[in-house]
Every structure is written in C-alpha cells, then in structure tokens.
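K.L.:
Handing over work-v1.tsv, TSV, C-alpha atoms.
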chain	number	residue	atom	x	y	z
A	1	MET	CA	-1.70	-40.79	44.30
A	2	THR	CA	0.08	-40.27	41.03
A	3	THR	CA	0.17	-42.56	38.02
A	4	GLY	CA	2.94	-43.28	35.58
A	5	THR	CA	1.22	-41.29	32.84
A	6	THR	CA	1.37	-37.58	32.27
A	7	THR	CA	-1.36	-35.33	31.03
A	8	PRO	CA	-0.42	-33.58	27.79
A	9	GLN	CA	-0.04	-29.85	28.36
A	10	PRO	CA	-1.40	-27.37	25.81
A	11	SER	CA	1.27	-25.78	23.70
A	12	ALA	CA	2.12	-22.19	24.54
A	13	THR	CA	3.09	-21.54	20.99
A	14	ALA	CA	0.76	-19.23	19.10
A	15	PRO	CA	-0.86	-20.62	15.97
A	16	ALA	CA	1.24	-20.18	12.88
A	17	PRO	CA	0.05	-17.59	10.41
A	18	ALA	CA	-1.36	-18.59	7.07
A	19	ASP	CA	2.08	-18.48	5.45
A	20	GLY	CA	3.64	-20.50	8.27
A	21	GLY	CA	6.20	-19.47	10.87
A	22	ALA	CA	8.80	-16.96	9.72
A	23	PRO	CA	12.07	-15.63	11.14
A	24	THR	CA	11.69	-12.21	12.75
A	25	TRP	CA	13.81	-10.57	10.06
A	26	LEU	CA	11.70	-11.86	7.16
A	27	PRO	CA	8.70	-9.48	7.57
A	28	VAL	CA	11.13	-6.56	7.80
A	29	ALA	CA	12.85	-7.72	4.62
A	30	ALA	CA	9.43	-8.08	2.96
A	31	VAL	CA	8.58	-4.48	3.88
A	32	GLY	CA	11.92	-3.33	2.47
A	33	VAL	CA	11.23	-5.05	-0.86
A	34	THR	CA	7.77	-3.49	-0.99
A	35	LEU	CA	8.96	0.04	-0.26
A	36	VAL	CA	11.69	0.04	-2.90
A	37	LEU	CA	9.41	-1.43	-5.58
A	38	TRP	CA	6.52	0.92	-4.73
A	39	ALA	CA	8.88	3.89	-4.86
A	40	SER	CA	9.97	2.84	-8.35
A	41	ALA	CA	6.29	2.56	-9.36
A	42	PHE	CA	5.69	6.28	-8.76
A	43	VAL	CA	8.56	7.07	-11.12
A	44	ALA	CA	7.42	4.54	-13.74
A	45	ILE	CA	3.83	5.85	-13.69
A	46	ARG	CA	5.04	9.41	-14.21
A	47	HIS	CA	7.30	8.24	-17.05
A	48	LEU	CA	4.38	6.48	-18.80
A	49	ALA	CA	1.97	9.42	-18.54
A	50	ASP	CA	2.46	10.35	-22.22
A	51	ASP	CA	1.89	6.82	-23.55
A	52	PHE	CA	-0.92	5.38	-21.43
A	53	GLY	CA	-4.11	6.77	-19.91
A	54	PRO	CA	-4.85	6.26	-16.20
A	55	GLY	CA	-7.38	3.46	-16.76
A	56	SER	CA	-5.52	1.59	-19.47
A	57	LEU	CA	-2.27	1.67	-17.50
A	58	SER	CA	-4.10	0.29	-14.46
A	59	LEU	CA	-5.62	-2.52	-16.52
A	60	GLY	CA	-2.31	-3.41	-18.18
A	61	ARG	CA	-0.48	-3.46	-14.87
A	62	LEU	CA	-3.13	-5.58	-13.17
A	63	LEU	CA	-3.44	-8.05	-16.05
A	64	VAL	CA	0.30	-8.66	-15.99
A	65	GLY	CA	0.24	-8.96	-12.20
A	66	SER	CA	-2.68	-11.40	-12.23
A	67	VAL	CA	-1.02	-13.62	-14.84
A	68	ALA	CA	2.28	-13.59	-12.94
A	69	LEU	CA	0.57	-14.50	-9.67
A	70	SER	CA	-1.47	-17.22	-11.41
A	71	LEU	CA	1.76	-18.97	-12.32
A	72	PHE	CA	2.64	-19.19	-8.62
A	73	VAL	CA	-0.75	-20.44	-7.45
A	74	LEU	CA	-1.05	-22.95	-10.31
A	75	GLY	CA	-1.27	-26.46	-8.86
A	76	ARG	CA	-1.64	-25.25	-5.26
A	77	ARG	CA	-4.61	-26.39	-3.21
A	78	LEU	CA	-5.93	-23.13	-1.87
A	79	PRO	CA	-8.89	-22.92	0.54
A	80	ARG	CA	-12.13	-21.47	-0.75
A	81	PRO	CA	-12.82	-18.07	0.86
A	82	THR	CA	-15.98	-17.73	2.93
A	83	GLY	CA	-18.79	-15.39	1.90
A	84	ARG	CA	-17.58	-12.67	4.25
A	85	GLN	CA	-14.02	-13.05	2.99
A	86	TRP	CA	-15.25	-12.69	-0.59
A	87	VAL	CA	-16.92	-9.40	0.33
A	88	SER	CA	-13.61	-8.09	1.69
A	89	LEU	CA	-11.67	-9.44	-1.29
A	90	VAL	CA	-14.00	-7.81	-3.81
A	91	THR	CA	-13.90	-4.53	-1.89
A	92	ILE	CA	-10.10	-4.58	-1.73
A	93	GLY	CA	-9.80	-5.59	-5.39
A	94	VAL	CA	-12.07	-2.79	-6.58
A	95	LEU	CA	-10.76	-0.10	-4.21
A	96	TRP	CA	-7.04	-0.79	-3.75
A	97	TYR	CA	-6.22	-2.39	-7.08
A	98	GLY	CA	-8.81	-0.60	-9.20
A	99	VAL	CA	-9.71	2.84	-7.84
A	100	TYR	CA	-6.31	3.41	-6.21
A	101	ASN	CA	-4.36	2.74	-9.40
A	102	VAL	CA	-6.65	4.77	-11.65
A	103	ALA	CA	-6.71	7.72	-9.23
A	104	LEU	CA	-2.94	7.61	-8.70
A	105	ASN	CA	-2.22	7.34	-12.43
A	106	ALA	CA	-4.55	10.28	-13.14
A	107	GLY	CA	-3.00	12.25	-10.30
A	108	GLU	CA	0.50	11.74	-11.68
A	109	HIS	CA	-0.66	13.24	-14.98
A	110	ARG	CA	-1.03	16.47	-13.00
A	111	VAL	CA	1.63	16.38	-10.24
A	112	ASP	CA	5.19	15.13	-10.21
A	113	ALA	CA	6.11	11.75	-8.72
A	114	GLY	CA	7.69	13.18	-5.58
A	115	THR	CA	4.64	15.30	-4.78
A	116	ALA	CA	2.29	12.38	-5.48
A	117	VAL	CA	4.12	10.05	-3.12
A	118	MET	CA	4.12	12.62	-0.33
A	119	LEU	CA	0.37	13.13	-0.72
A	120	ILE	CA	-0.19	9.38	-0.51
A	121	GLN	CA	1.65	9.43	2.81
A	122	VAL	CA	-1.37	10.84	4.63
A	123	SER	CA	-2.57	7.22	4.56
A	124	PRO	CA	-0.64	6.01	7.65
A	125	VAL	CA	-2.59	8.42	9.86
A	126	LEU	CA	-5.85	7.39	8.19
A	127	ILE	CA	-4.92	3.75	8.78
A	128	ALA	CA	-4.27	4.46	12.46
A	129	LEU	CA	-7.66	6.15	12.74
A	130	LEU	CA	-9.50	3.33	10.96
A	131	ALA	CA	-7.64	0.71	12.98
A	132	ALA	CA	-8.72	2.44	16.17
A	133	VAL	CA	-12.35	2.30	15.04
A	134	PHE	CA	-12.51	-1.12	13.39
A	135	LEU	CA	-9.59	-3.09	14.83
A	136	SER	CA	-9.99	-1.87	18.43
A	137	GLU	CA	-6.69	-0.05	18.57
A	138	ARG	CA	-6.52	2.86	21.01
A	139	PHE	CA	-7.40	6.36	19.79
A	140	THR	CA	-5.23	8.68	21.87
A	141	VAL	CA	-4.69	12.41	22.18
A	142	HIS	CA	-1.41	11.92	20.34
A	143	LEU	CA	-3.28	10.32	17.46
A	144	ALA	CA	-5.72	13.24	17.26
A	145	LEU	CA	-2.88	15.77	17.29
A	146	GLY	CA	-0.98	13.74	14.71
A	147	LEU	CA	-4.00	13.74	12.43
A	148	ALA	CA	-4.19	17.52	12.60
A	149	LEU	CA	-0.48	17.96	11.85
A	150	ALA	CA	-0.50	15.45	9.00
A	151	PHE	CA	-3.47	17.07	7.30
A	152	ALA	CA	-1.82	20.46	7.74
A	153	GLY	CA	1.18	19.02	5.91
A	154	VAL	CA	-1.07	17.84	3.10
A	155	ALA	CA	-2.56	21.34	2.88
A	156	VAL	CA	0.95	22.80	2.49
A	157	ILE	CA	1.69	20.32	-0.29
A	158	ALA	CA	-1.59	21.15	-2.00
A	159	PHE	CA	-0.85	24.89	-1.84
A	160	SER	CA	2.68	24.48	-3.20
A	161	THR	CA	1.57	22.28	-6.10
A	162	SER	CA	-1.31	24.57	-7.05
A	163	GLU	CA	1.16	27.44	-7.50
A	164	ALA	CA	3.30	25.50	-10.00
A	165	ASP	CA	2.59	25.85	-13.73
A	166	ASP	CA	2.51	22.11	-14.53
A	167	ARG	CA	0.47	21.03	-11.50
A	168	ASP	CA	-3.12	21.63	-10.41
A	169	PRO	CA	-5.32	20.99	-7.37
A	170	LEU	CA	-7.21	18.16	-9.10
A	171	GLY	CA	-4.00	16.10	-9.10
A	172	VAL	CA	-3.78	16.64	-5.35
A	173	VAL	CA	-7.39	15.52	-4.86
A	174	LEU	CA	-6.84	12.38	-6.96
A	175	CYS	CA	-3.78	11.42	-4.92
A	176	LEU	CA	-5.74	11.93	-1.70
A	177	VAL	CA	-8.50	9.66	-3.03
A	178	ALA	CA	-5.84	7.03	-3.67
A	179	ALA	CA	-4.58	7.45	-0.09
A	180	LEU	CA	-8.08	7.02	1.32
A	181	VAL	CA	-8.96	3.84	-0.57
A	182	TYR	CA	-5.55	2.38	0.25
A	183	SER	CA	-6.11	3.03	3.96
A	184	ILE	CA	-9.55	1.40	3.93
A	185	SER	CA	-8.23	-1.60	2.02
A	186	LEU	CA	-5.29	-2.21	4.34
A	187	VAL	CA	-7.58	-2.35	7.37
A	188	LEU	CA	-9.91	-4.74	5.52
A	189	GLN	CA	-6.99	-6.94	4.52
A	190	LYS	CA	-5.67	-7.44	8.05
A	191	PRO	CA	-8.31	-10.06	9.05
A	192	LEU	CA	-7.97	-11.75	5.64
A	193	VAL	CA	-4.26	-12.50	5.92
A	194	ALA	CA	-4.87	-14.05	9.33
A	195	LYS	CA	-6.80	-16.82	7.56
A	196	LEU	CA	-5.52	-16.86	3.97
A	197	SER	CA	-1.98	-16.76	2.61
A	198	ALA	CA	-0.50	-13.49	1.36
A	199	LEU	CA	-0.14	-14.96	-2.13
A	200	HIS	CA	-3.76	-16.13	-2.17
A	201	VAL	CA	-5.15	-12.75	-1.10
A	202	THR	CA	-2.96	-10.79	-3.52
A	203	TRP	CA	-3.80	-13.04	-6.47
A	204	LEU	CA	-7.56	-12.83	-5.93
A	205	ALA	CA	-7.61	-9.08	-5.23
A	206	CYS	CA	-5.36	-8.32	-8.20
A	207	THR	CA	-7.56	-10.39	-10.51
A	208	ILE	CA	-10.70	-8.67	-9.21
A	209	GLY	CA	-9.04	-5.29	-9.77
A	210	ALA	CA	-8.20	-6.28	-13.35
A	211	VAL	CA	-11.83	-7.23	-13.98
A	212	ALA	CA	-12.95	-3.88	-12.55
A	213	CYS	CA	-10.66	-2.09	-15.03
A	214	LEU	CA	-11.87	-4.01	-18.11
A	215	PRO	CA	-13.82	-0.98	-19.43
A	216	TRP	CA	-10.42	0.38	-20.51
A	217	ALA	CA	-9.52	-2.76	-22.52
A	218	GLY	CA	-10.06	-1.09	-25.90
A	219	GLU	CA	-7.93	1.89	-24.92
A	220	LEU	CA	-5.19	-0.42	-23.65
A	221	VAL	CA	-5.05	-2.38	-26.93
A	222	ARG	CA	-4.80	0.84	-28.94
A	223	GLU	CA	-2.12	2.38	-26.72
A	224	VAL	CA	-0.01	-0.79	-26.62
A	225	GLY	CA	0.02	-0.70	-30.42
A	226	GLU	CA	1.09	2.93	-30.49
A	227	ALA	CA	3.52	3.01	-27.54
A	228	PRO	CA	7.25	2.35	-27.93
A	229	THR	CA	8.51	-1.05	-26.86
A	230	SER	CA	10.33	0.48	-23.88
A	231	SER	CA	7.04	1.84	-22.49
A	232	VAL	CA	5.28	-1.51	-22.93
A	233	LEU	CA	8.14	-3.14	-21.03
A	234	TRP	CA	7.66	-0.57	-18.25
A	235	VAL	CA	4.02	-1.66	-17.98
A	236	VAL	CA	5.20	-5.28	-17.68
A	237	TYR	CA	7.66	-4.16	-14.99
A	238	LEU	CA	4.83	-2.45	-13.06
A	239	GLY	CA	2.72	-5.60	-13.24
A	240	ILE	CA	5.42	-8.02	-12.09
A	241	PHE	CA	7.44	-6.07	-9.55
A	242	PRO	CA	5.46	-3.24	-7.86
A	243	THR	CA	2.21	-5.23	-8.21
A	244	ALA	CA	2.65	-9.03	-8.09
A	245	ILE	CA	5.76	-9.05	-5.91
A	246	ALA	CA	5.38	-5.89	-3.80
A	247	PHE	CA	1.70	-6.40	-2.91
A	248	THR	CA	2.44	-10.00	-1.91
A	249	THR	CA	5.39	-9.06	0.30
A	250	TYR	CA	3.28	-6.29	1.85
A	251	ALA	CA	0.45	-8.73	2.60
A	252	PHE	CA	3.01	-11.13	4.10
A	253	ALA	CA	4.36	-8.37	6.35
A	254	LEU	CA	0.78	-7.54	7.40
A	255	GLN	CA	0.47	-11.07	8.78
A	256	HIS	CA	3.23	-10.27	11.26
A	257	MET	CA	2.58	-6.58	12.05
A	258	THR	CA	-0.34	-4.44	13.11
A	259	ALA	CA	-2.01	-2.40	10.38
A	260	SER	CA	-0.90	0.87	11.98
A	261	SER	CA	2.72	-0.20	12.37
A	262	LEU	CA	2.93	-1.42	8.80
A	263	GLY	CA	1.26	1.70	7.45
A	264	ILE	CA	3.89	3.87	9.11
A	265	THR	CA	6.68	2.12	7.18
A	266	THR	CA	5.47	3.68	3.94
A	267	TYR	CA	6.93	6.97	5.10
A	268	LEU	CA	10.24	5.62	3.81
A	269	VAL	CA	8.83	5.67	0.27
A	270	PRO	CA	8.93	9.48	-0.38
A	271	PRO	CA	12.71	9.96	-0.02
A	272	ILE	CA	13.34	6.91	-2.23
A	273	THR	CA	10.87	8.18	-4.83
A	274	ILE	CA	12.27	11.71	-4.82
A	275	VAL	CA	15.82	10.39	-5.35
A	276	LEU	CA	14.64	8.18	-8.21
A	277	SER	CA	12.65	11.08	-9.71
A	278	VAL	CA	15.69	13.34	-9.68
A	279	LEU	CA	17.94	10.64	-11.17
A	280	LEU	CA	15.55	9.22	-13.78
A	281	LEU	CA	13.07	12.01	-14.54
A	282	SER	CA	15.10	15.12	-13.64
A	283	GLU	CA	12.18	16.48	-11.65
A	284	ALA	CA	11.51	17.22	-8.00
A	285	PRO	CA	8.60	18.69	-6.03
A	286	PRO	CA	8.66	22.40	-5.12
A	287	ALA	CA	10.41	23.44	-1.94
A	288	MET	CA	7.19	24.06	-0.01
A	289	ALA	CA	6.09	20.48	-0.75
A	290	TYR	CA	9.13	19.23	1.19
A	291	ALA	CA	8.04	21.35	4.16
A	292	GLY	CA	4.57	19.83	3.94
A	293	GLY	CA	6.05	16.36	3.76
A	294	VAL	CA	8.12	17.00	6.88
A	295	LEU	CA	5.04	18.32	8.69
A	296	ALA	CA	3.12	15.19	7.72
A	297	LEU	CA	6.00	13.05	9.01
A	298	VAL	CA	5.92	14.91	12.31
A	299	GLY	CA	2.20	14.30	12.49
A	300	VAL	CA	2.65	10.57	12.09
A	301	ALA	CA	5.47	10.50	14.64
A	302	VAL	CA	3.19	12.25	17.13
A	303	ALA	CA	0.26	9.98	16.25
A	304	ARG	CA	2.30	6.84	16.87
A	305	ARG	CA	3.80	8.08	20.15
A	306	LYS	CA	2.86	5.69	22.92
A	307	PRO	CA	1.70	7.18	26.24
A	308	ARG	CA	4.03	6.78	29.15
A	309	THR	CA	3.10	4.25	31.77
A	310	ALA	CA	3.97	4.70	35.39
A	311	ALA	CA	6.57	2.31	36.67
A	312	VAL	CA	5.32	-0.24	39.16
A	313	GLU	CA	7.16	-0.12	42.47
A	314	PRO	CA	8.28	-3.53	43.73
A	315	ALA	CA	6.50	-4.68	46.85
A	316	GLN	CA	8.42	-4.23	50.05
A	317	GLY	CA	8.79	-7.27	52.25
Please express what this file holds, its structure, as structure tokens.
P.N.:
Amino acid sequence: MTTGTTTPQPSATAPAPADGGAPTWLPVAAVGVTLVLWASAFVAIRHLADDFGPGSLSLGRLLVGSVALSLFVLGRRLPRPTGRQWVSLVTIGVLWYGVYNVALNAGEHRVDAGTAVMLIQVSPVLIALLAAVFLSERFTVHLALGLALAFAGVAVIAFSTSEADDRDPLGVVLCLVAALVYSISLVLQKPLVAKLSALHVTWLACTIGAVACLPWAGELVREVGEAPTSSVLWVVYLGIFPTAIAFTTYAFALQHMTASSLGITTYLVPPITIVLSVLLLSEAPPAMAYAGGVLALVGVAVARRKPRTAAVEPAQG
C-alpha cells in the first residue's frame, strides 16, 4: 500500500568544490591565465638578475603577493585550517613559494630564461610519479618509459647549457631543485583545495613563503634603494600577476583537475617563454636545448598515454 507522501531521494550531484560550482570552461581559462603569467615571470626574473639577488627578489615578490591577496581576503570569513592542513600549508609555503623561487632565481643567474623553463618542465613527470604513489593514481609501463625519456631530455639540456660560455651546470641543478619542490608541493596542495578555497590556500602559502624569505630583508631594502624604478615595478609585477593571480588561478584549476593532468599543462609554458625571451631579452637557449625539450615533451606524452581497454562485446540474445 502506498501513501500520498514521497521519500526524498539523495541528490546525484557531487558536492561543490570549495570555490563553488564552475562552468567547464572556467578551469581551462584559469590554466591559460596561469601559463601566460608564469611564462612572463621567467623573462622578468632573467631581466632582474642584475638588480636583485635570488633571495631578495623572492622576498619582494612574495611580500607584494601576500599584500595583494590580503586585500581580497579582507572581511571574508574563512575557515580555520586543521592541524594536518597547517602542516601541508607550511610545507607548501616553504618549498613552493620559498625554496622554489630562490632556486629558480639563482638558476636564472646562470642559464637563460628559455633553458630554465625547459628544465622546470621535468616536473609534470615527477608529479605523475608522486601522484601514483601518494594519490593512488596508476603507475604504468608508459609512465616508467616516459620518466626515462624526460630525464634523458633534461640531460641533453644540461649538456648543451654546460657548453655555453654564459651558463654552467649549477644553474641546471638549481632549476631541477625548483622542479622537484614544485612537484611535491602540487601533490600536497591537491587535498587542500578540496577543502579550502583557492584564494585561501594561495594567501596562506604565499604569506608563509614570505616569512621564510625574511632573512633577505636587509638585502631587499638595500637593492630597492639602488635599483632603477623600472626594476622595482617589475618586482611589483611579479608579486601581483605571476604570484597572487597566477598561483590562485592554478589552485582553482587544481580543484577541477587531477594533479597529473594539470601538471602536464605547464608544457605550454616553454614556447611562450622562449618567444618572450627572444622579443624582450634577445636571447634564446642553444639548439641542443630545444632537442632536449622536445625529448622531454615526448617523455611526458608517453607517460600520460592511457592503456587501451578491450571493447566489451554486447550480449547476444
């Protein structure tokens, strides 16, 4: 016997992410913004190499980014992170915002912007490997082969840069350190953005990174006083656009993509950076570095290749 009432059915809709529901095109647009701004950062860092040291530039960039993000979170009621989330936030702030920036800035004192960005692009394969271990993504034969090819590409880049007069192997190592800490941080950030908003995570991590770089405060004050106004404005640009905006849009995209898939998108950064380097700095990596970059790209393509699945035959009646 039925009654006139109906039992409410559970909604089939998945829970909204921390930033709320978003049109399917919005994460893609967010990635696009990030890639263009990050590409410009490689050029800006190379341009500022004569005016700011690696640590002071990192601190200046992060201070500007933290202040800019603070203006957006001002007056918002943000949830308090849990103890475990604080551990991840501090780790990301120190590694991605602190160590990454200092290592990258130091690396670009020794290698050109195009070479630096291609070295950083080993990170998508590292992300895929870490995601397989810590986020339960499959580790396939294709991934193993892709790792080998990508690292071979990095070796080619390292060899080509070590032969050039104005580059040295230490710059290569520093860029690889930046790639490693970026990869670790992205995997750590994936669970965070499932619970906290992209703006919240970026603001806290950026502020933590700025605190970690405070030992360079004296150097920053001195260099700001000595640098031309145009260079100081470039530091402000780095803090607002490639840091405050680009890291937030990247965290937003991470809410809607897997870590591995998002990491792969950064392979669009090298061609943008190389074009900007040629136009704005009149410099380009040596020819062999391009070959290494292509080999690394092939490695990632192989690593992200999905295994074929056998088609299921329909049952015969």
K.L.:
Calculate how many Å separate CA of Met257 (chain A) from CA of Trp86 (chain A), rounding to one decimal.
P.N.:
22.7 Å
K.L.:
With distances taken over all atoms listed in the file, which residue among A:Asn105, A:Gln255, A:Thr115, A:Ser123 lies nearest Pro286 (chain A)?
P.N.:
A:Thr115
K.L.:
Compile the contact shell of Ala155 (chain A) as a list in words: residues with an atom at most 9 Å away, counting all atoms listed in the file, same-chain residues fewer than 5 positions apart removed.
P.N.:
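Within the cut-off, the hits are Ala150, Ser160 and Gly292 of chain A.
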K.L.:
Counting all atoms listed in the file, figure out which residue out of A:Ala106, A:Ala210, A:Ile92, A:Leu126 gets nearest to Ser260 (chain A).
P.N.:
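Of A:Ala106, A:Ala210, A:Ile92, A:Leu126, the one nearest Ser260 (chain A), counting all atoms listed in the file, is A:Leu126.
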K.L.:
Can you work out the spacing between CA of Phe134 (chain A) and CA of Thr258 (chain A) in Å, to one decimal?
P.N.:
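Separating CA of Phe134 (chain A) from CA of Thr258 (chain A) is a distance of 12.6 Å.
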K.L.:
Using all atoms listed in the file, pick whichever of A:Pro27, A:Gly171, A:Gly153, A:Pro228 has the shortest atom-to-atom distance to Thr249 (chain A).
P.N.:
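Nearest to Thr249 (chain A): A:Pro27.
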K.L.:
Given the choices A:Glu108, A:Val141, A:Ala253, A:Leu147, which gets closest to His47 (chain A) if the distance is worked out from only C-alpha atoms?
P.N.:
A:Glu108
K.L.:
Would you give me, as JSON lines, each residue of region 39-62 of chain A having an atom within 12 Å of an atom of region 67-72 of chain A, along with its shortest atom pair and that distance in Å to one decimal, using only C-alpha atoms and sorting by chain and residue number?
P.N.:
{"residue": "A:Gly60", "atom": "CA", "partner": "A:Val67", "partner_atom": "CA", "distance": 10.8}
{"residue": "A:Arg61", "atom": "CA", "partner": "A:Val67", "partner_atom": "CA", "distance": 10.2}
{"residue": "A:Leu62", "atom": "CA", "partner": "A:Val67", "partner_atom": "CA", "distance": 8.5}
K.L.:
May I ask which of the residues A:Ile245, A:Val102, A:Val298, A:Leu74 is the closest one to Val177 (chain A), counting all atoms listed in the file?
P.N.:
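Using all atoms listed in the file, the shortest distance to Val177 (chain A) belongs to A:Val102.
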K.L.:
Place a sphere of radius 10 Å on (7.4, -2.1, -17.0) in the file coordinates and name every protein, DNA or RNA residue with an atom inside or on its surface, counting only C-alpha atoms; give the answer as a list in words.
P.N.:
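Output: Ala41, Ala44, Ile45, Leu48, Gly60, Arg61, Val64, Thr229, Ser230, Ser231, Val232, Leu233, Trp234, Val235, Val236, Tyr237, Leu238, Gly239, Ile240, Phe241 and Pro242 of chain A.
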K.L.:
Which one of A:Leu180, A:Leu192, A:Ala30, A:Leu37 sits closest to Val87 (chain A) if you count all atoms listed in the file?
P.N.:
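Closest residue, counting all atoms listed in the file: A:Leu192.
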K.L.:
Expressed in Å to a single decimal, how great is the separation between CA of Thr266 (chain A) and CA of Leu280 (chain A)?
P.N.:
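For CA of Thr266 (chain A) relative to CA of Leu280 (chain A), the distance reads 21.1 Å.
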K.L.:
So that I can check the surroundings of Ala148 (chain A), please list as a list in words every protein, DNA and RNA residue that reaches within 12 Å of it, counting only C-alpha atoms and ignoring chain neighbours fewer than 3 positions away.
P.N.:
Val122, Val125, Leu126, Leu129, Val141, His142, Leu143, Ala144, Leu145, Phe151, Ala152, Gly153, Val154, Ala155, Leu295, Ala296, Leu297, Val298, Gly299, Val300, Val302 and Ala303 of chain A
K.L.:
Will you give me region 104-113 of chain A, written with all heavy atoms and laid out as a tab-separated table (two decimals), in the first residue's frame?
P.N.:
chain	number	residue	atom	x	y	z
A	104	LEU	N	64.98	29.01	-8.39
A	104	LEU	CA	64.74	29.44	-9.77
A	104	LEU	C	65.45	30.76	-10.06
A	104	LEU	O	66.09	30.91	-11.11
A	104	LEU	CB	63.24	29.60	-10.02
A	104	LEU	CG	62.84	30.10	-11.41
A	104	LEU	CD1	63.34	29.15	-12.49
A	104	LEU	CD2	61.33	30.28	-11.51
A	105	ASN	N	65.35	31.72	-9.13
A	105	ASN	CA	66.03	33.00	-9.33
A	105	ASN	C	67.54	32.80	-9.46
A	105	ASN	O	68.19	33.40	-10.33
A	105	ASN	CB	65.73	33.95	-8.16
A	105	ASN	CG	64.27	34.33	-8.08
A	105	ASN	OD1	63.51	34.13	-9.03
A	105	ASN	ND2	63.86	34.86	-6.95
A	106	ALA	N	68.11	31.97	-8.58
A	106	ALA	CA	69.55	31.70	-8.64
A	106	ALA	C	69.91	30.98	-9.94
A	106	ALA	O	70.94	31.26	-10.55
A	106	ALA	CB	69.97	30.88	-7.43
A	107	GLY	N	69.04	30.05	-10.35
A	107	GLY	CA	69.29	29.34	-11.59
A	107	GLY	C	69.31	30.26	-12.80
A	107	GLY	O	70.14	30.11	-13.70
A	108	GLU	N	68.40	31.24	-12.80
A	108	GLU	CA	68.34	32.16	-13.94
A	108	GLU	C	69.46	33.20	-13.93
A	108	GLU	O	69.59	33.98	-14.87
A	108	GLU	CB	66.96	32.83	-14.00
A	108	GLU	CG	65.87	31.89	-14.47
A	108	GLU	CD	64.71	32.62	-15.13
A	108	GLU	OE1	64.95	33.38	-16.09
A	108	GLU	OE2	63.57	32.43	-14.68
A	109	HIS	N	70.26	33.23	-12.87
A	109	HIS	CA	71.50	34.00	-12.91
A	109	HIS	C	72.55	33.27	-13.74
A	109	HIS	O	73.55	33.87	-14.14
A	109	HIS	CB	72.04	34.20	-11.49
A	109	HIS	CG	71.40	35.33	-10.75
A	109	HIS	ND1	72.01	36.56	-10.57
A	109	HIS	CD2	70.19	35.44	-10.16
A	109	HIS	CE1	71.22	37.36	-9.89
A	109	HIS	NE2	70.11	36.70	-9.62
A	110	ARG	N	72.32	31.98	-14.01
A	110	ARG	CA	73.34	31.16	-14.65
A	110	ARG	C	72.88	30.57	-15.98
A	110	ARG	O	73.72	30.15	-16.78
A	110	ARG	CB	73.74	30.02	-13.70
A	110	ARG	CG	74.32	30.53	-12.39
A	110	ARG	CD	74.50	29.41	-11.37
A	110	ARG	NE	75.07	29.89	-10.13
A	110	ARG	CZ	76.36	30.03	-9.88
A	110	ARG	NH1	77.23	29.71	-10.82
A	110	ARG	NH2	76.79	30.48	-8.73
A	111	VAL	N	71.57	30.46	-16.22
A	111	VAL	CA	71.07	29.97	-17.50
A	111	VAL	C	70.02	30.95	-18.01
A	111	VAL	O	69.43	31.69	-17.24
A	111	VAL	CB	70.45	28.55	-17.39
A	111	VAL	CG1	71.49	27.55	-16.91
A	111	VAL	CG2	69.24	28.55	-16.48
A	112	ASP	N	69.80	30.94	-19.32
A	112	ASP	CA	68.82	31.85	-19.89
A	112	ASP	C	67.40	31.40	-19.55
A	112	ASP	O	67.17	30.27	-19.10
A	112	ASP	CB	68.99	31.95	-21.41
A	112	ASP	CG	68.77	30.61	-22.09
A	112	ASP	OD1	67.63	30.31	-22.41
A	112	ASP	OD2	69.76	29.85	-22.26
A	113	ALA	N	66.44	32.30	-19.76
A	113	ALA	CA	65.06	32.03	-19.36
A	113	ALA	C	64.47	30.84	-20.09
A	113	ALA	O	63.74	30.03	-19.50
A	113	ALA	CB	64.20	33.28	-19.61
